[in-house]
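Chemist: One structure coming up, written as structure tokens, with questions to follow.
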Amino acid sequence: MLDAAFVRNNLQAVQANCQNRNVPADIVRVVALDDGRRELLGKIQTIQQRQNEVSKLIPKEKDPGQKQAMIAEGKSLREQVALVEVQVREAEANLKAALSLIPNMTHPDAPVSSDPAGNKEVIRWGEPRQFDFPAKDHVALCDSLQLADFEAGASVTGQKFYFLKNEGALLELALVQYAMGVLVKEGYTPFITPDLARVEVLEGIGFIPRDPDPEKRQVYTIEGTDLCLVATAEITLGGMHRDHILDEATLPRKYVGMSHCFRTEAGAPGRDTRGLYRVHQFTKVEMFVFCTPEQSEAIHLELLRIEEKIFQGLGIPYHVIDTCTGDLGGPAYRKFDIEAWMPGRGKEGEYGEVTSTSNCTDYQARRLNIRCKAQGQKGTRFVHTLNGTAVAVTRALLAILENFQETDGSVTIPEVLRPFVGKDRIVTR
RNA sequence: GGAGAGGUGGCUGAGUGGCCGAAAGCACCGGUUUGCUAAAUCGGCGUACGAGUUACAUCGUACCGGGGGUUCGAAUCCCCCCCUCUCCGCCA
């Protein structure tokens, strides 16, 4: 979320930003709520001040009558404080709720458009392959090569669940190993994170697990607990340092974590119903960085560079999208997506999203209360957080199968994965 | 899951109703001194919010794991919860 004081001092800019991002937000109400909160805070402090005075004087007071009067006053002050406290709490909750509806500010270079069509291609790498035979989509390949079992997934768990099988299963492990290996070489600390997290952590990252509209909830919640299945390791990695003050000398902290990701895909029923493109559970290796405000912009480019390196290593053609304002979501200040070429997608192949990297500046850190402090300097500031996909296994797997299929129905395994799979090629069994 | 011990500032650790935002030490920052290093010595040294200042200073309020309660007054007493450690049980 944004800082209430920032909103107050930059009304027009915040207003314009909400418009660009296509988010209806009531800025005026935020300021009004903040006014109310400040006033109550002032009120309570005045009472508390008197309360402290009185209780300090009481032990010194010799006259019993005076003393009784002061005790009575103290008692009354205590009751007043209790009353105002309730109001303060309510005011703070209202303000926080209103504030969390306002999206982050936007990088000046991000394309401005309320329509996803405004997304801008900024990099193109590799040439989509021309097939001299009718290319299959990954569903057909998974079927003929027995790499995934969608019926079993549907039967055991439900629609949009799957079993990976044979080289399909091995390729998941291979992709994870490959991505982790690249990241460790880049100096990132590897993690395997919990697949469940508390509701507050989800909210801090920008998810809305308690959205009153069940049709909009993107995450699964565990009944009888305050836990959710995570939708990405961004949640757990970002939550790691909540309520911490990090020494600036230790920044940036670069992490890479593997987790399973669970998504209800609410709002996308009937979309991409076949295959691995849109599923309720997948495995993902995610990068996450905590850094100072000065560092975040350069690190964002680094995350994109690493994502490109991983896809270049796989040899899959892609392009990079600079996401437009209307498509940024709440927390991102700027976002780059890699869309990989997927020959089986659409009629003649399409680019499909495989990674996403966001600079969230201090938007998540404020909610999660993650600050940093320089040695010998007074005060703290909120850190900047960034995240990026190293590998989302199902989509990478899809792209590999479709791009590297051969006339005879086999699939060539990318060289970087061969050591982990133990073979060069997947052949019809 | 059961039993016990414990959670105080960056760390160690004192503090069992007012003189405690909190002793002392370490670490850190600044000064002095010694030819350098080291040592000695003096001072400073939490965070948030609010008031205030050009900026400092300064003042107020809150915070001793979290939440509630008792009291004029709580780090200190009471209740609930969380976490850590040790032992036992269970388990991959």
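Naming works like this for the structure tokens: A, B, ... for the chains as they're shown, residue 1 at the start of each chain, ligands 1 onward in shown order.
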Between chain B and chain A, at 9 Å or less, what are the per-residue closest atom pairs and their distances in Å? Count only C-alpha atoms (C1' of nucleotides), order by chain and rising residue number, and return it as CSV.

Modeler:
```
residue,atom,partner,partner_atom,distance
B:G18,C1',A:Lys56,CA,7.0
B:C28,C1',A:Gly376,CA,7.3
B:C29,C1',A:Gly376,CA,6.1
B:U47,C1',A:Gly379,CA,8.1
B:C49,C1',A:Leu41,CA,8.7
B:G50,C1',A:Gly42,CA,7.0
B:G60,C1',A:Gln49,CA,7.3
B:U61,C1',A:Gln45,CA,5.2
B:C72,C1',A:Ile71,CA,4.3
B:G73,C1',A:Ser55,CA,5.2
```

Chemist: Can those selected residues be exported to a file as an mmCIF file, in the first residue's frame so that it contains N, CA and C atoms (P, O5', C5', C4', C3', O3' and C1' of nucleotides)?

Modeler:
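Wrote it out as result_26.cif, contents follow:
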```
data_model
loop_
_atom_site.group_PDB
_atom_site.id
_atom_site.type_symbol
_atom_site.label_atom_id
_atom_site.label_comp_id
_atom_site.auth_asym_id
_atom_site.auth_seq_id
_atom_site.Cartn_x
_atom_site.Cartn_y
_atom_site.Cartn_z
ATOM 1 P P G B 18 7.516 0.332 41.649
ATOM 2 O "O5'" G B 18 7.236 1.768 41.039
ATOM 3 C "C5'" G B 18 6.883 1.880 39.651
ATOM 4 C "C4'" G B 18 6.437 3.293 39.370
ATOM 5 C "C3'" G B 18 7.419 4.367 39.785
ATOM 6 O "O3'" G B 18 7.463 5.289 38.720
ATOM 7 C "C1'" G B 18 5.305 4.785 40.781
ATOM 8 P P C B 28 32.868 -2.212 17.116
ATOM 9 O "O5'" C B 28 31.749 -1.149 16.727
ATOM 10 C "C5'" C B 28 30.873 -1.384 15.627
ATOM 11 C "C4'" C B 28 29.801 -0.326 15.594
ATOM 12 C "C3'" C B 28 30.306 1.117 15.581
ATOM 13 O "O3'" C B 28 30.689 1.521 14.280
ATOM 14 C "C1'" C B 28 28.567 0.911 17.174
ATOM 15 P P C B 29 31.978 2.473 14.112
ATOM 16 O "O5'" C B 29 31.367 3.913 14.433
ATOM 17 C "C5'" C B 29 30.350 4.467 13.603
ATOM 18 C "C4'" C B 29 29.823 5.739 14.223
ATOM 19 C "C3'" C B 29 30.873 6.769 14.629
ATOM 20 O "O3'" C B 29 31.307 7.540 13.532
ATOM 21 C "C1'" C B 29 29.349 6.493 16.411
ATOM 22 P P U B 47 16.365 4.687 15.760
ATOM 23 O "O5'" U B 47 14.883 4.138 15.612
ATOM 24 C "C5'" U B 47 14.654 2.895 14.965
ATOM 25 C "C4'" U B 47 13.208 2.504 15.103
ATOM 26 C "C3'" U B 47 12.197 3.572 14.716
ATOM 27 O "O3'" U B 47 12.041 3.677 13.312
ATOM 28 C "C1'" U B 47 11.541 2.583 16.744
ATOM 29 P P C B 49 6.494 7.198 11.200
ATOM 30 O "O5'" C B 49 5.308 7.888 12.026
ATOM 31 C "C5'" C B 49 3.988 7.367 11.942
ATOM 32 C "C4'" C B 49 3.147 7.949 13.053
ATOM 33 C "C3'" C B 49 3.131 9.465 13.138
ATOM 34 O "O3'" C B 49 2.258 10.053 12.192
ATOM 35 C "C1'" C B 49 3.446 8.574 15.287
ATOM 36 P P G B 50 2.624 11.480 11.600
ATOM 37 O "O5'" G B 50 2.336 12.445 12.830
ATOM 38 C "C5'" G B 50 0.993 12.694 13.245
ATOM 39 C "C4'" G B 50 0.975 13.471 14.526
ATOM 40 C "C3'" G B 50 1.639 14.835 14.486
ATOM 41 O "O3'" G B 50 0.822 15.817 13.872
ATOM 42 C "C1'" G B 50 2.274 13.709 16.453
ATOM 43 P P G B 60 8.092 15.749 27.414
ATOM 44 O "O5'" G B 60 6.761 15.366 26.636
ATOM 45 C "C5'" G B 60 5.551 16.060 26.904
ATOM 46 C "C4'" G B 60 4.493 15.612 25.944
ATOM 47 C "C3'" G B 60 4.231 14.113 25.919
ATOM 48 O "O3'" G B 60 3.405 13.716 26.991
ATOM 49 C "C1'" G B 60 4.380 14.906 23.712
ATOM 50 P P U B 61 3.615 12.289 27.666
ATOM 51 O "O5'" U B 61 3.026 11.347 26.525
ATOM 52 C "C5'" U B 61 1.638 11.386 26.211
ATOM 53 C "C4'" U B 61 1.341 10.443 25.074
ATOM 54 C "C3'" U B 61 1.892 9.034 25.231
ATOM 55 O "O3'" U B 61 1.110 8.242 26.115
ATOM 56 C "C1'" U B 61 2.341 9.795 23.050
ATOM 57 P P C B 72 -8.302 2.794 40.486
ATOM 58 O "O5'" C B 72 -7.337 3.780 39.694
ATOM 59 C "C5'" C B 72 -7.888 4.865 38.950
ATOM 60 C "C4'" C B 72 -6.783 5.814 38.576
ATOM 61 C "C3'" C B 72 -5.551 5.173 37.973
ATOM 62 O "O3'" C B 72 -5.704 4.963 36.585
ATOM 63 C "C1'" C B 72 -4.889 6.660 39.676
ATOM 64 P P G B 73 -5.203 3.619 35.980
ATOM 65 O "O5'" G B 73 -3.634 3.668 36.199
ATOM 66 C "C5'" G B 73 -2.857 4.588 35.426
ATOM 67 C "C4'" G B 73 -1.422 4.536 35.863
ATOM 68 C "C3'" G B 73 -0.767 3.166 35.764
ATOM 69 O "O3'" G B 73 -0.334 2.905 34.450
ATOM 70 C "C1'" G B 73 -0.256 4.151 37.848
#
```

Chemist: So which residues of range 182-372 of chain A fall under helix (DSSP H, G or I) by DSSP, listed as a PyMOL selection string?

Modeler: chain A and resi 182-185+199-205+233-239+248-250+296-314+325-327+363-368

Chemist: Nearest to Lys423 in chain A: which of A:Cys142, A:Met342, A:Val411, A:Val88 is it, counting only C-alpha atoms?

Modeler: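 Under the stated criterion, the closest residue is A:Val411.
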
Chemist: Can you tell me, as number ranges by chain, what residues are no more than 12 Å from C87 in chain B when counting only C-alpha atoms (C1' of nucleotides), ignoring any on the same chain fewer than 4 positions away?

Modeler: B: 2-5

Chemist: List the neighbours of range 75-77 of chain B out to 8 Å using only C-alpha atoms (C1' of nucleotides); skip same-chain residues closer than 6 positions along the sequence, and give me the result as a PyMOL selection string.

Modeler: chain B and resi 8+16-17+64

Chemist: For the selection just defined, write its residues with N, CA and C atoms (P, O5', C5', C4', C3', O3' and C1' of nucleotides) to a file, as a tab-separated table (two decimals), in the first residue's frame.

Modeler:
```
chain	number	residue	atom	x	y	z
B	8	U	P	14.14	-11.42	24.92
B	8	U	O5'	13.60	-10.23	25.79
B	8	U	C5'	12.64	-9.31	25.24
B	8	U	C4'	12.70	-8.01	25.96
B	8	U	C3'	13.96	-7.18	25.75
B	8	U	O3'	13.89	-6.42	24.56
B	8	U	C1'	13.46	-7.26	28.04
B	16	U	P	12.47	-6.66	40.85
B	16	U	O5'	11.38	-5.67	41.46
B	16	U	C5'	10.22	-5.22	40.81
B	16	U	C4'	9.01	-6.15	41.00
B	16	U	C3'	8.85	-6.72	42.41
B	16	U	O3'	7.76	-6.10	43.09
B	16	U	C1'	8.58	-8.39	40.72
B	17	G	P	7.21	-5.02	43.70
B	17	G	O5'	6.14	-4.30	42.75
B	17	G	C5'	6.51	-3.92	41.43
B	17	G	C4'	5.76	-2.68	41.06
B	17	G	C3'	5.73	-1.57	42.09
B	17	G	O3'	6.01	-0.34	41.41
B	17	G	C1'	3.60	-1.89	41.20
B	64	C	P	5.68	-3.22	25.82
B	64	C	O5'	7.25	-3.45	25.66
B	64	C	C5'	7.78	-4.40	24.74
B	64	C	C4'	8.89	-5.17	25.40
B	64	C	C3'	8.42	-6.24	26.38
B	64	C	O3'	9.01	-7.48	26.02
B	64	C	C1'	9.93	-4.74	27.44
```

Chemist: Please list as number ranges by chain every residue within 10 Å of Asp137 in chain A, counting only C-alpha atoms (C1' of nucleotides) and excluding residues in the same chain fewer than 4 positions away.

Modeler: A: 141-142, 275, 342-346, 349, 398-399, 401-403, 405

Chemist: Quick one: residues within 12 Å of A27 in chain B, only C-alpha atoms (C1' of nucleotides), excluding same-chain residues fewer than 2 positions away - as a list in words?

Modeler: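 Contacts, with the query itself left out: Gln375 of chain A; G10, C11, U12, G25, C29 and C45 of chain B.
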
Chemist: Would you export the selected residues with C-alpha atoms (C1' of nucleotides) as a compact mmCIF listing (two decimals), in the first residue's frame, please?

Modeler:
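Final file, part.txt:
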```txt
# COMPACT_ATOMS: atom_id res chain seq x y z
CA GLN A 375 24.82 1.82 10.14
C1' G B 10 21.90 -4.75 17.54
C1' C B 11 23.78 -8.71 21.24
C1' U B 12 24.58 -10.39 26.53
C1' G B 25 28.70 -4.94 29.72
C1' C B 29 29.35 6.49 16.41
C1' C B 45 23.90 5.55 21.03
```

Chemist: Which neighbours of Ile400 in chain A fall inside 9 Å, counting only C-alpha atoms (C1' of nucleotides), when residues of the same chain fewer than 5 positions from it are skipped, and could you give them as a ChimeraX atom specification?

Modeler: /A:138,314-316,342,395,405,411-414
